[in-house]
Each structure stands twice: as C-alpha cells, then as structure tokens.
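Heads up, data14.cif below (mmCIF, C-alpha atoms and all ligand atoms):
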data_input
loop_
_atom_site.label_atom_id
_atom_site.label_comp_id
_atom_site.auth_asym_id
_atom_site.auth_seq_id
_atom_site.Cartn_x
_atom_site.Cartn_y
_atom_site.Cartn_z
CA MET N 1 -21.03 -16.40 -48.12
CA ARG N 2 -17.52 -17.40 -47.06
CA ASN N 3 -16.67 -13.71 -46.73
CA MET N 4 -19.67 -13.16 -44.53
CA ILE N 5 -18.64 -16.03 -42.25
CA GLY N 6 -15.12 -14.60 -42.18
CA ALA N 7 -16.46 -11.18 -41.22
CA GLY N 8 -18.67 -12.75 -38.57
CA VAL N 9 -15.72 -14.60 -37.03
CA ALA N 10 -13.59 -11.44 -37.10
CA LEU N 11 -16.37 -9.47 -35.44
CA PHE N 12 -16.79 -12.15 -32.79
CA LEU N 13 -13.04 -12.17 -32.10
CA LEU N 14 -12.98 -8.41 -31.87
CA ALA N 15 -15.86 -8.45 -29.38
CA ALA N 16 -14.15 -11.21 -27.35
CA ILE N 17 -10.86 -9.30 -27.29
CA THR N 18 -12.60 -6.09 -26.25
CA ILE N 19 -14.38 -7.88 -23.41
CA VAL N 20 -11.35 -9.81 -22.12
CA PHE N 21 -8.76 -7.04 -22.41
CA TYR N 22 -10.80 -3.90 -21.77
CA VAL N 23 -14.25 -4.46 -20.26
CA LEU N 24 -13.43 -7.23 -17.76
CA PRO N 25 -10.31 -5.70 -16.17
CA ALA N 26 -12.16 -2.40 -15.61
CA ARG N 27 -15.09 -4.27 -14.10
CA VAL N 28 -12.85 -6.36 -11.80
CA ASP N 29 -11.10 -3.16 -10.69
CA ALA N 30 -14.36 -1.29 -10.02
CA ARG N 31 -15.76 -4.20 -8.03
CA ALA N 32 -12.57 -4.83 -6.04
CA ASN N 33 -11.87 -1.23 -5.00
CA ARG N 34 -15.20 0.23 -3.92
CA VAL N 35 -16.06 3.35 -1.99
CA ILE N 36 -19.17 2.87 0.15
CA ALA N 37 -22.00 5.00 -1.26
CA HIS N 38 -22.53 8.05 0.90
CA GLU N 39 -23.81 11.63 0.97
CA PRO N 40 -20.98 14.19 0.76
CA TYR N 41 -19.23 14.31 4.16
CA ALA N 42 -19.62 17.56 6.10
CA VAL N 43 -16.20 19.10 6.76
CA SER N 44 -16.09 22.16 9.05
CA SER N 45 -13.94 25.16 8.22
CA GLN N 46 -11.77 24.32 11.27
CA ALA N 47 -11.11 20.83 9.87
CA ARG N 48 -10.50 22.14 6.37
CA THR N 49 -8.07 24.82 7.57
CA LEU N 50 -6.23 22.30 9.73
CA HIS N 51 -6.12 19.74 6.91
CA GLU N 52 -4.61 22.27 4.50
CA THR N 53 -1.62 22.76 6.80
CA ILE N 54 -0.83 19.04 7.11
CA PRO N 55 1.58 17.20 4.81
CA VAL N 56 -0.82 14.24 4.58
CA ALA N 57 0.96 10.91 4.23
CA ASP N 58 -0.24 7.36 3.66
CA LEU N 59 1.84 4.21 3.96
CA HIS N 60 0.06 1.87 1.55
CA ALA N 61 -1.84 1.99 -1.74
CA ASP N 62 -1.87 -0.51 -4.61
CA THR N 63 -2.68 2.00 -7.33
CA PHE N 64 -0.24 0.66 -9.93
CA LEU N 65 -1.70 -2.84 -9.91
CA TRP N 66 -4.69 -1.61 -11.91
CA MET N 67 -4.69 -0.68 -15.56
CA ARG N 68 -6.15 2.78 -15.23
CA ASP N 69 -4.17 5.87 -16.06
CA PRO N 70 -2.89 7.10 -12.65
CA THR N 71 -2.30 10.59 -14.04
CA ARG N 72 -6.01 11.14 -14.74
CA ARG N 73 -8.93 11.38 -12.42
CA GLN N 74 -10.88 8.15 -12.72
CA ASN N 75 -14.42 7.21 -11.78
CA ARG N 76 -13.37 3.89 -10.26
CA GLY N 77 -11.00 2.76 -7.53
CA GLN N 78 -9.89 4.91 -4.62
CA THR N 79 -6.76 6.68 -5.84
CA ASP N 80 -5.08 8.37 -8.75
CA ILE N 81 -2.64 11.24 -8.66
CA PRO N 82 -5.28 13.98 -9.09
CA ARG N 83 -7.43 12.58 -6.27
CA LEU N 84 -4.42 12.14 -3.95
CA ILE N 85 -3.43 15.75 -4.61
CA GLU N 86 -6.99 16.92 -3.99
CA GLY N 87 -6.90 15.05 -0.66
CA GLY N 88 -3.79 16.99 0.36
CA VAL N 89 -1.47 13.97 0.20
CA LYS N 90 2.24 14.87 0.06
CA LEU N 91 3.70 11.39 0.61
CA GLN N 92 2.24 8.14 -0.67
CA VAL N 93 3.84 4.71 -0.59
CA PHE N 94 2.72 2.86 -3.73
CA THR N 95 3.09 -0.87 -3.37
CA ALA N 96 3.48 -3.47 -6.10
CA VAL N 97 1.27 -6.51 -5.65
CA THR N 98 2.79 -9.42 -7.59
CA LYS N 99 1.00 -12.53 -6.39
CA SER N 100 -2.32 -13.12 -4.72
CA PRO N 101 -3.85 -16.54 -3.91
CA LYS N 102 -7.43 -17.43 -4.86
CA ASN N 103 -10.11 -17.05 -2.20
CA LEU N 104 -7.99 -14.64 -0.19
CA ASN N 105 -8.66 -15.02 3.49
CA TYR N 106 -7.04 -13.95 6.73
CA GLU N 107 -6.86 -17.43 8.29
CA GLU N 108 -4.89 -19.60 5.89
CA ASN N 109 -3.76 -19.65 2.25
CA ASP N 110 -1.39 -21.92 0.40
CA ALA N 111 0.95 -20.51 -2.24
CA ASP N 112 -0.31 -22.71 -5.09
CA SER N 113 -2.73 -20.35 -6.83
CA ASP N 114 -2.30 -16.82 -8.13
CA ASP N 115 -4.97 -14.44 -9.42
CA ILE N 116 -2.44 -11.84 -10.55
CA THR N 117 -1.42 -13.98 -13.54
CA MET N 118 -4.87 -13.60 -15.14
CA LEU N 119 -4.94 -9.93 -14.23
CA ALA N 120 -1.49 -9.36 -15.79
CA ILE N 121 -2.62 -11.00 -19.04
CA ALA N 122 -6.07 -9.35 -19.15
CA GLN N 123 -4.53 -5.95 -18.38
CA ARG N 124 -2.09 -6.35 -21.27
CA TRP N 125 1.07 -6.26 -19.12
CA PRO N 126 4.35 -7.15 -20.87
CA VAL N 127 4.59 -10.87 -21.68
CA ALA N 128 7.74 -11.14 -19.52
CA SER N 129 5.62 -10.33 -16.47
CA TRP N 130 3.11 -13.12 -17.05
CA GLY N 131 5.38 -15.79 -15.61
CA SER N 132 7.79 -13.71 -13.50
CA LEU N 133 7.00 -12.05 -10.17
CA PHE N 134 10.24 -10.09 -10.48
CA GLU N 135 9.13 -8.61 -13.82
CA ARG N 136 5.73 -7.75 -12.33
CA ALA N 137 7.39 -5.67 -9.59
CA ARG N 138 9.70 -4.08 -12.09
CA TYR N 139 6.81 -3.22 -14.43
CA GLN N 140 4.89 -1.48 -11.64
CA ALA N 141 8.02 0.55 -10.78
CA LYS N 142 8.25 1.53 -14.44
CA ARG N 143 4.61 2.60 -14.49
CA MET N 144 5.30 4.86 -11.52
CA GLU N 145 8.36 6.34 -13.15
CA LYS N 146 6.32 6.99 -16.30
CA ALA N 147 3.64 8.74 -14.24
CA ASP N 148 6.39 10.93 -12.80
CA GLU N 149 7.54 11.88 -16.32
CA GLN N 150 4.00 12.53 -17.56
CA TYR N 151 2.52 14.37 -14.62
CA GLY N 152 4.88 17.27 -14.27
CA PRO N 153 6.25 18.88 -11.13
CA GLU N 154 3.28 18.11 -8.88
CA PHE N 155 4.15 14.40 -8.69
CA ARG N 156 7.58 12.94 -8.07
CA MET N 157 8.82 9.44 -7.53
CA VAL N 158 11.29 9.90 -4.67
CA ARG N 159 14.26 7.69 -3.90
CA ASN N 160 16.07 9.43 -1.06
CA GLN N 161 15.88 12.05 1.65
CA SER N 162 16.88 14.94 -0.60
CA ASP N 163 14.24 13.98 -3.23
CA LEU N 164 11.60 13.94 -0.51
CA ARG N 165 12.75 17.24 0.99
CA ARG N 166 12.64 18.89 -2.43
CA SER N 167 9.19 17.49 -3.13
CA LEU N 168 7.85 18.72 0.23
CA ASN N 169 9.39 22.14 -0.31
CA VAL N 170 7.38 22.69 -3.48
CA GLY N 171 4.23 21.09 -2.05
CA ALA N 172 4.28 18.21 -4.54
CA LEU N 173 3.01 14.66 -4.05
CA ALA N 174 5.96 12.35 -3.40
CA GLY N 175 5.56 8.67 -4.33
CA VAL N 176 7.75 6.01 -2.72
CA PHE N 177 7.89 2.61 -4.38
CA GLY N 178 7.37 -0.51 -2.29
CA ILE N 179 6.57 -4.20 -2.73
CA GLU N 180 3.82 -6.13 -0.96
CA GLY N 181 5.76 -9.25 -0.08
CA ALA N 182 9.33 -9.96 -1.24
CA HIS N 183 8.49 -13.01 -3.39
CA PRO N 184 9.40 -10.95 -6.52
CA LEU N 185 13.01 -11.46 -5.43
CA GLU N 186 12.39 -15.05 -6.59
CA GLY N 187 14.75 -16.27 -3.88
CA LYS N 188 17.75 -14.29 -5.20
CA ILE N 189 19.36 -11.63 -3.04
CA GLU N 190 20.82 -9.84 -6.08
CA ASN N 191 17.26 -9.09 -7.18
CA LEU N 192 16.93 -6.84 -4.13
CA ASP N 193 19.76 -4.69 -5.48
CA ARG N 194 18.22 -4.71 -8.95
CA LEU N 195 14.87 -3.54 -7.59
CA TYR N 196 16.68 -0.96 -5.46
CA ASP N 197 18.05 0.43 -8.72
CA ASP N 198 14.47 0.58 -10.03
CA GLY N 199 13.53 2.74 -7.03
CA LEU N 200 12.39 0.16 -4.47
CA ARG N 201 12.54 1.62 -0.97
CA VAL N 202 9.87 -0.15 1.10
CA VAL N 203 10.25 -3.91 1.33
CA GLY N 204 7.21 -5.81 2.56
CA LEU N 205 8.42 -9.27 3.53
CA GLN N 206 5.23 -11.33 3.09
CA HIS N 207 1.78 -11.08 1.57
CA PHE N 208 -1.06 -13.58 1.92
CA PHE N 209 1.05 -16.77 1.74
CA ASP N 210 4.35 -18.13 3.03
CA ASN N 211 7.24 -17.26 0.70
CA GLU N 212 11.01 -17.81 0.35
CA LEU N 213 11.62 -15.36 3.22
CA GLY N 214 9.36 -16.96 5.78
CA ALA N 215 5.85 -17.22 7.15
CA SER N 216 2.85 -15.06 6.41
CA LEU N 217 0.26 -14.17 9.03
CA HIS N 218 -2.23 -15.86 6.68
CA GLY N 219 -0.10 -18.80 5.47
CA THR N 220 0.07 -22.46 6.44
CA ASP N 221 3.46 -22.57 8.18
CA GLY N 222 3.10 -20.11 11.06
CA GLY N 223 6.88 -20.11 11.57
CA GLY N 224 9.61 -17.50 11.36
CA LEU N 225 12.26 -16.19 8.94
CA THR N 226 14.22 -18.50 6.64
CA ASP N 227 17.95 -18.01 6.04
CA PHE N 228 17.04 -16.17 2.86
CA GLY N 229 14.65 -13.98 4.86
CA ARG N 230 17.52 -13.07 7.19
CA ASP N 231 19.74 -12.27 4.21
CA VAL N 232 17.07 -9.93 2.85
CA VAL N 233 16.60 -8.13 6.19
CA ARG N 234 20.37 -7.68 6.47
CA ARG N 235 20.78 -6.41 2.90
CA ALA N 236 17.73 -4.12 3.16
CA ASN N 237 19.29 -2.63 6.31
CA GLU N 238 22.56 -2.07 4.46
CA LEU N 239 20.82 -0.36 1.55
CA ASN N 240 18.71 1.85 3.87
CA MET N 241 15.51 0.32 2.59
CA ILE N 242 12.51 0.41 4.92
CA ILE N 243 11.22 -2.98 6.07
CA ASP N 244 7.45 -3.44 6.23
CA VAL N 245 6.13 -6.29 8.37
CA ALA N 246 2.45 -5.96 7.38
CA HIS N 247 1.15 -9.50 6.63
CA SER N 248 4.14 -11.20 8.32
CA SER N 249 3.58 -13.91 10.95
CA GLU N 250 4.03 -12.82 14.55
CA ILE N 251 7.17 -14.97 14.79
CA VAL N 252 8.64 -13.28 11.70
CA VAL N 253 7.86 -9.85 13.16
CA GLY N 254 9.62 -10.77 16.40
CA GLU N 255 12.67 -12.13 14.58
CA VAL N 256 12.92 -9.08 12.32
CA LEU N 257 12.75 -6.79 15.35
CA ALA N 258 15.51 -8.80 17.01
CA MET N 259 17.89 -8.50 14.07
CA SER N 260 17.03 -5.30 12.19
CA THR N 261 19.42 -2.42 12.81
CA ARG N 262 16.72 0.04 11.74
CA PRO N 263 13.11 0.71 12.75
CA VAL N 264 10.37 -1.06 10.78
CA ILE N 265 6.86 -0.12 9.70
CA VAL N 266 3.54 -1.92 9.63
CA SER N 267 2.24 -0.16 6.54
CA HIS N 268 -1.44 -1.10 6.76
CA THR N 269 -3.04 -2.71 9.76
CA GLY N 270 -5.53 -2.38 12.56
CA LEU N 271 -5.02 -2.79 16.30
CA LYS N 272 -5.93 -6.17 17.78
CA GLY N 273 -7.22 -4.66 21.04
CA HIS N 274 -9.54 -2.40 19.02
CA CYS N 275 -10.58 -4.88 16.31
CA ASP N 276 -9.97 -8.55 17.08
CA SER N 277 -9.43 -9.61 13.46
CA GLU N 278 -7.13 -12.34 12.09
CA ARG N 279 -5.56 -9.57 10.04
CA ASN N 280 -4.14 -7.82 13.12
CA ILE N 281 -1.11 -8.81 15.22
CA SER N 282 -0.98 -8.54 19.01
CA ASP N 283 -0.89 -5.21 20.84
CA ASP N 284 2.30 -6.32 22.63
CA LEU N 285 4.10 -6.85 19.33
CA MET N 286 2.86 -3.45 18.13
CA LYS N 287 4.33 -1.90 21.28
CA THR N 288 7.70 -3.54 20.55
CA ILE N 289 7.62 -2.14 17.01
CA ALA N 290 6.91 1.35 18.37
CA ALA N 291 9.56 1.04 21.07
CA ALA N 292 12.10 0.28 18.33
CA GLY N 293 11.18 3.56 16.61
CA GLY N 294 8.71 2.08 14.13
CA ILE N 295 5.43 3.47 12.81
CA VAL N 296 2.09 1.81 12.24
CA GLY N 297 -0.38 2.76 9.47
CA VAL N 298 -4.04 2.48 10.51
CA GLY N 299 -6.16 1.01 7.72
CA PHE N 300 -9.55 2.09 6.37
CA TRP N 301 -11.16 -1.32 5.67
CA ASP N 302 -13.11 -3.93 7.64
CA GLY N 303 -10.26 -6.43 8.18
CA ALA N 304 -8.24 -3.71 9.94
CA VAL N 305 -10.81 -1.72 11.88
CA CYS N 306 -13.84 -4.12 11.81
CA THR N 307 -16.33 -1.44 10.66
CA PRO N 308 -15.15 0.64 7.69
CA ASP N 309 -16.60 4.01 8.61
CA LEU N 310 -14.85 7.26 9.54
CA GLU N 311 -15.96 7.18 13.16
CA THR N 312 -14.48 3.70 13.67
CA ILE N 313 -11.24 4.55 11.84
CA ALA N 314 -10.90 7.57 14.17
CA GLU N 315 -11.57 5.25 17.13
CA ALA N 316 -8.76 2.94 15.94
CA VAL N 317 -6.42 5.94 15.66
CA VAL N 318 -7.27 7.06 19.21
CA TYR N 319 -6.68 3.49 20.45
CA ALA N 320 -3.31 3.34 18.65
CA VAL N 321 -2.24 6.73 20.01
CA ASP N 322 -3.09 5.61 23.57
CA LEU N 323 -1.31 2.28 23.12
CA LEU N 324 1.81 3.32 21.19
CA GLY N 325 2.24 7.05 21.68
CA THR N 326 1.32 9.80 19.21
CA GLU N 327 4.60 9.70 17.28
CA HIS N 328 4.20 6.06 16.20
CA VAL N 329 0.81 6.29 14.49
CA ALA N 330 0.21 7.03 10.81
CA LEU N 331 -2.28 6.24 8.02
CA GLY N 332 -2.25 3.02 6.01
CA SER N 333 -5.36 3.23 3.86
CA ASP N 334 -4.77 0.16 1.64
CA PHE N 335 -6.51 2.17 -1.07
CA ASP N 336 -6.89 0.09 -4.25
CA GLY N 337 -5.85 -3.01 -2.32
CA ALA N 338 -9.10 -4.85 -3.15
CA VAL N 339 -10.82 -3.33 -0.13
CA THR N 340 -14.00 -1.31 0.41
CA THR N 341 -13.48 2.05 2.12
CA PRO N 342 -15.72 4.90 3.30
CA ILE N 343 -13.72 7.54 1.37
CA ASP N 344 -11.51 7.82 -1.66
CA ALA N 345 -8.21 9.73 -1.55
CA SER N 346 -9.83 13.07 -2.41
CA GLU N 347 -12.04 12.85 0.69
CA LEU N 348 -9.26 12.68 3.30
CA PRO N 349 -10.32 16.03 4.88
CA ALA N 350 -13.35 14.10 6.19
CA LEU N 351 -10.94 11.94 8.21
CA THR N 352 -9.39 15.06 9.76
CA GLN N 353 -12.95 16.03 10.71
CA ALA N 354 -13.57 12.57 12.22
CA LEU N 355 -10.37 12.85 14.29
CA LEU N 356 -11.48 16.27 15.60
CA ASP N 357 -14.89 14.79 16.41
CA ALA N 358 -13.13 11.96 18.29
CA GLY N 359 -11.58 14.60 20.56
CA LEU N 360 -7.96 14.54 19.37
CA ASP N 361 -6.07 17.84 19.58
CA GLU N 362 -4.70 19.50 16.46
CA ALA N 363 -1.05 18.60 17.15
CA THR N 364 -1.95 14.89 17.44
CA ILE N 365 -4.04 15.03 14.27
CA ARG N 366 -1.18 16.66 12.35
CA ALA N 367 1.20 13.96 13.57
CA VAL N 368 -1.04 11.03 12.65
CA MET N 369 -2.34 12.44 9.36
CA GLY N 370 1.15 13.00 8.01
CA GLU N 371 3.95 14.48 10.10
CA ASN N 372 5.00 11.16 11.67
CA ALA N 373 5.34 9.36 8.34
CA VAL N 374 7.10 12.33 6.73
CA ARG N 375 9.59 12.50 9.61
CA PHE N 376 10.15 8.72 9.46
CA PHE N 377 10.91 8.78 5.71
CA LEU N 378 13.10 11.86 6.04
CA GLU N 379 15.13 9.94 8.62
CA ASN N 380 15.11 6.48 7.12
CA LEU N 381 15.31 6.79 3.33
CA PRO N 382 18.83 6.67 1.89
CA VAL N 383 20.44 10.12 2.31
CA ASP N 384 20.92 10.68 -1.44
ZN ZN N 401 -2.11 -5.86 2.09
#

As a first step, turn the structure in this file into structure tokens.
Amino acid sequence: MRNMIGAGVALFLLAAITIVFYVLPARVDARANRVIAHEPYAVSSQARTLHETIPVADLHADTFLWMRDPTRRQNRGQTDIPRLIEGGVKLQVFTAVTKSPKNLNYEENDADSDDITMLAIAQRWPVASWGSLFERARYQAKRMEKADEQYGPEFRMVRNQSDLRRSLNVGALAGVFGIEGAHPLEGKIENLDRLYDDGLRVVGLQHFFDNELGASLHGTDGGGLTDFGRDVVRRANELNMIIDVAHSSEIVVGEVLAMSTRPVIVSHTGLKGHCDSERNISDDLMKTIAAAGGIVGVGFWDGAVCTPDLETIAEAVVYAVDLLGTEHVALGSDFDGAVTTPIDASELPALTQALLDAGLDEATIRAVMGENAVRFFLENLPVD
C-alpha cells in the first residue's frame, strides 16, 4: 500500500513537472506569438522574382526568448532559422528580452513586476539567469552562438562588417545580437563591454519601463537620460555599437540624438501620423532620426500600424517613405515579441507583393525590404 502511494506521488510529481516545464511554456509561446489565420497569400511571379533578388533584412525579432529549437522549423511562433531562410531573410537582428512588466501596456508601467522570471524558470534556463538580467542577456547570446554552431554555413552570428560581408557573399542568414532595453547592464558600464565580448551589437536603451539609463515611452517618469544613460550612449559610440531608441521616451530620443556621434535606429515602430498609437513617437522626432542618418523599422503588429494586415503595413511603409525618404525605411517585424502578425517569417514574399500593390516601384521595395538595413549595418558595425 505504501509503495502504491509512493508511486502515485511520483506519478503526480512527474505529471506536474511535465506540465510546468514543458506543456505550459509551449502553450504560453503559442498564444503570445500568433499568426492570424489566413488562406495562403497570392504572390505573383513578378513579386516572387523581385523578392528573390532582395537581401531581406529585419531589425527586430525576439526568437531566442522562447524555448523552441531555433534551428528547426516549428509549428508555433513566427520565426526560426528555417522559416527566416525560406522568407529570403539575409540579415536579422535577434533581440534579448530580459524583463517585462505584468499587464504590459503602452501608456504606463512601473518596474516592480517581471514576467520573464517565471518564463526563465519554466523554460529551464540556467539558475544564474533566474535572478540576474545580465545573465539572461548573456544566455540568449549563448543560445544564438550555439545555433550558429549547429546550423552550418547557412546561418552565422555576425559581429562586424567583414562577418556580414562574408555572410552576404554566400547568401547566408546573418544574425546580429541585440538587447531590448539596457537594464541587463544592471547599472554597470563594464557590463556593456562584457556583453560586447558576447557579441552584443545593437543596444536598445529602454523597454516597457523606466530603467537605470532613463525613461521609457511607457514608463512613469516621462523624463530623459540619466548620467548612466549618457555613459552608455558614449561607450556604445566608442565601441561602434548601434543604438536603438525603440521604446525610449521622446525626451530620451531627443537627448540621444543630441549627443550620439553615430546614427541611431528605431528597430520596431509605426509612424504616429499613420497610426496614432501610444507606441509611436512623433513624426517630427522620426524626421530628426532620419536626418541624422538613422533608419526606422516598420512593425507588423497592431500597436505599430493599428491594423495588422499586409495592406496596412504597406500603407505604413508608403507613409514612412514619403515622410522620411526611401533610404531611411526598413522592416521591424517584432516577430516573436508577443505580438500577433498577418505572416510568419517564411511568408515575407507576400509583403513584397503588398508593396507592389501599394504602388511602390521596385527600387523602393528593394531598399525598404532589405538594402537600407544591410547598407546601414555594413557602415555602422565595427569594421572587424
Ligand atoms: Zn519591443
């Protein structure tokens, strides 16, 4: 009898462990990163031929936050290396999410809660990452490096201009490592150098809450950069890291533009004049970013473009091109960033079709779908 109770308890524990560590994380992932159900998109031979000649590039995906094998094609989420390759992507910025407040919203969040802690535990991340944002960033960089080792020559984690040039020359998918908010520095400037050594090249300053560097667009403070924030901008400039002001308050964006010696990006965003969402900063500020040589990644989800369908994304791209000039507009899908999108990465040719349907010429489509971002990274990554 005692043995039977023992076996029952063991069985119960096993079931509980399976649910918490395997079933739940997969379910959270599938629910967070949905593709809207749709019939296969019609892509003309003109669009397909055009798409095949473009080095497609995307400025923001959170692929490595989720515990699915990025080297295999998955039936959940919006990206993995095989689907990115199928979509013709040659350059993808993969961003580490390290902290995310409960009840995410675009208006206001305090920094007191964090859903990533539960996710890190449930997804069986290393124990060191449970209580350390720095270790969480580092772990996601390691996962990317491991994917590079496992996948073979068609995927490379790139760290400098020569890496990227080599990757483009062989038609591989190049991954650049970034962070979504610089709170994993944990207030220490030397952690920027340590993460640089791990491959960090795109430094987002804020995410959904105010941090040690300054105010978020969705925080409580609404102010500008702190002294530490200025130190980070200065050091990132010195190291030839690319600064990303997505999610930063408008005051922070203005202050970064005033002090940065290098152009900045807004990796995933919409245009306020096209979609008046709390997620988007003013058109005037966008123009200043472009005038300083920056690029802006147009997003694929409701907070960025208001209606997440291909026609509206194309409309946002046309609006951005008219406002900022062709050479400053890129893609910033936010794939796997807990958003719902009309396509997954393998379906990007349908966006080329939508841009043709919106009346853009082929040269503009090539620029927006990839050439602008590729040029920007070839100019702004460290030389070697
Ligand atoms: Zn984001």

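Among the candidates N:Glu362, N:Glu255, N:Glu315, N:Glu149, the residue lying nearest to Gly299 of chain N is N:Glu315 (atoms considered: all atoms listed in the file).
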
Give me, as number ranges by chain, the set of residues whose atoms come within 8 Å of any atom of ligand ZN 401 (chain N), counting all atoms listed in the file.
N: 180, 207-208, 246-247, 268, 334, 337

Take the residues that were just selected and, keeping C-alpha atoms, output them as a compact mmCIF listing (two decimals), keeping the file's coordinate frame.
# COMPACT_ATOMS: atom_id res chain seq x y z
CA GLU N 180 3.82 -6.13 -0.96
CA HIS N 207 1.78 -11.08 1.57
CA PHE N 208 -1.06 -13.58 1.92
CA ALA N 246 2.45 -5.96 7.38
CA HIS N 247 1.15 -9.50 6.63
CA HIS N 268 -1.44 -1.10 6.76
CA ASP N 334 -4.77 0.16 1.64
CA GLY N 337 -5.85 -3.01 -2.32

Nearest-residue call for Ile85 of chain N, choices N:Ala358, N:Val305, N:Met369, N:Ala174, using all atoms listed in the file
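When distances to Ile85 of chain N are compared using all atoms listed in the file, the smallest one comes from N:Ala174.
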
If we count all atoms listed in the file and set the cut-off at 9 Å, which residues sit around Phe94 of chain N, ignoring sequence neighbours fewer than 5 positions away in its own chain? Please answer as a ChimeraX atom specification.
/N:59-64,144,175-179

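Distances from N:Gly273, N:Pro82, N:Gly224, N:Gly88 to Gly254 of chain N were compared using all atoms listed in the file, and the smallest one belongs to N:Gly224.
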
Considering only C-alpha atoms, can you say which of N:Gly8, N:Gly294, N:Gly87, N:Gly270 comes closest to Phe377 of chain N?
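That would be N:Gly294, the residue with the smallest distance to Phe377 of chain N.
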
So, counting all atoms listed in the file, which residue among N:Ala316, N:Leu213, N:Ala26, N:Val89 is closest to Lys188 of chain N?
N:Leu213

If I take atom CA of Asn160 of chain N and atom CA of Arg201 of chain N, how far is one from the other in Å, to one decimal?
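Between atom CA of Asn160 of chain N and atom CA of Arg201 of chain N the gap is 8.6 Å.
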
One decimal, Å: what's the distance from atom CA of Ser249 of chain N over to atom CA of Met286 of chain N, could you say?
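That distance, rounded to one decimal, is 12.7 Å.
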
Return segment 216-230 of chain N, completed with N, CA and C atoms, as a PDB file, in the frame of the given file.
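This is the output file out.pdb:
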ATOM      1  N   SER N 216       3.861 -16.111   6.443  1.00  0.00           N
ATOM      2  CA  SER N 216       2.850 -15.060   6.410  1.00  0.00           C
ATOM      3  C   SER N 216       1.935 -15.218   7.618  1.00  0.00           C
ATOM      4  N   LEU N 217       1.271 -14.122   7.977  1.00  0.00           N
ATOM      5  CA  LEU N 217       0.260 -14.170   9.030  1.00  0.00           C
ATOM      6  C   LEU N 217      -0.942 -14.993   8.560  1.00  0.00           C
ATOM      7  N   HIS N 218      -1.076 -15.149   7.239  1.00  0.00           N
ATOM      8  CA  HIS N 218      -2.230 -15.860   6.680  1.00  0.00           C
ATOM      9  C   HIS N 218      -1.781 -17.080   5.864  1.00  0.00           C
ATOM     10  N   GLY N 219      -0.619 -17.658   6.208  1.00  0.00           N
ATOM     11  CA  GLY N 219      -0.100 -18.800   5.470  1.00  0.00           C
ATOM     12  C   GLY N 219      -0.447 -20.108   6.148  1.00  0.00           C
ATOM     13  N   THR N 220       0.340 -21.151   5.858  1.00  0.00           N
ATOM     14  CA  THR N 220       0.070 -22.460   6.440  1.00  0.00           C
ATOM     15  C   THR N 220       1.151 -22.853   7.452  1.00  0.00           C
ATOM     16  N   ASP N 221       2.284 -22.168   7.424  1.00  0.00           N
ATOM     17  CA  ASP N 221       3.460 -22.570   8.180  1.00  0.00           C
ATOM     18  C   ASP N 221       3.455 -22.027   9.621  1.00  0.00           C
ATOM     19  N   GLY N 222       3.164 -20.727   9.739  1.00  0.00           N
ATOM     20  CA  GLY N 222       3.100 -20.110  11.060  1.00  0.00           C
ATOM     21  C   GLY N 222       4.454 -19.922  11.726  1.00  0.00           C
ATOM     22  N   GLY N 223       5.541 -20.184  10.993  1.00  0.00           N
ATOM     23  CA  GLY N 223       6.880 -20.110  11.570  1.00  0.00           C
ATOM     24  C   GLY N 223       7.525 -18.742  11.439  1.00  0.00           C
ATOM     25  N   GLY N 224       8.865 -18.758  11.373  1.00  0.00           N
ATOM     26  CA  GLY N 224       9.610 -17.500  11.360  1.00  0.00           C
ATOM     27  C   GLY N 224      10.325 -17.254  10.041  1.00  0.00           C
ATOM     28  N   LEU N 225      11.458 -16.531  10.121  1.00  0.00           N
ATOM     29  CA  LEU N 225      12.260 -16.190   8.940  1.00  0.00           C
ATOM     30  C   LEU N 225      13.071 -17.401   8.481  1.00  0.00           C
ATOM     31  N   THR N 226      13.270 -17.517   7.179  1.00  0.00           N
ATOM     32  CA  THR N 226      14.220 -18.500   6.640  1.00  0.00           C
ATOM     33  C   THR N 226      15.605 -17.838   6.589  1.00  0.00           C
ATOM     34  N   ASP N 227      16.619 -18.600   6.216  1.00  0.00           N
ATOM     35  CA  ASP N 227      17.950 -18.010   6.040  1.00  0.00           C
ATOM     36  C   ASP N 227      17.910 -16.919   4.982  1.00  0.00           C
ATOM     37  N   PHE N 228      17.161 -17.186   3.907  1.00  0.00           N
ATOM     38  CA  PHE N 228      17.040 -16.170   2.860  1.00  0.00           C
ATOM     39  C   PHE N 228      16.348 -14.914   3.405  1.00  0.00           C
ATOM     40  N   GLY N 229      15.329 -15.120   4.237  1.00  0.00           N
ATOM     41  CA  GLY N 229      14.650 -13.980   4.860  1.00  0.00           C
ATOM     42  C   GLY N 229      15.618 -13.131   5.674  1.00  0.00           C
ATOM     43  N   ARG N 230      16.512 -13.810   6.407  1.00  0.00           N
ATOM     44  CA  ARG N 230      17.520 -13.070   7.190  1.00  0.00           C
ATOM     45  C   ARG N 230      18.477 -12.309   6.278  1.00  0.00           C
TER      46      ARG N 230
END
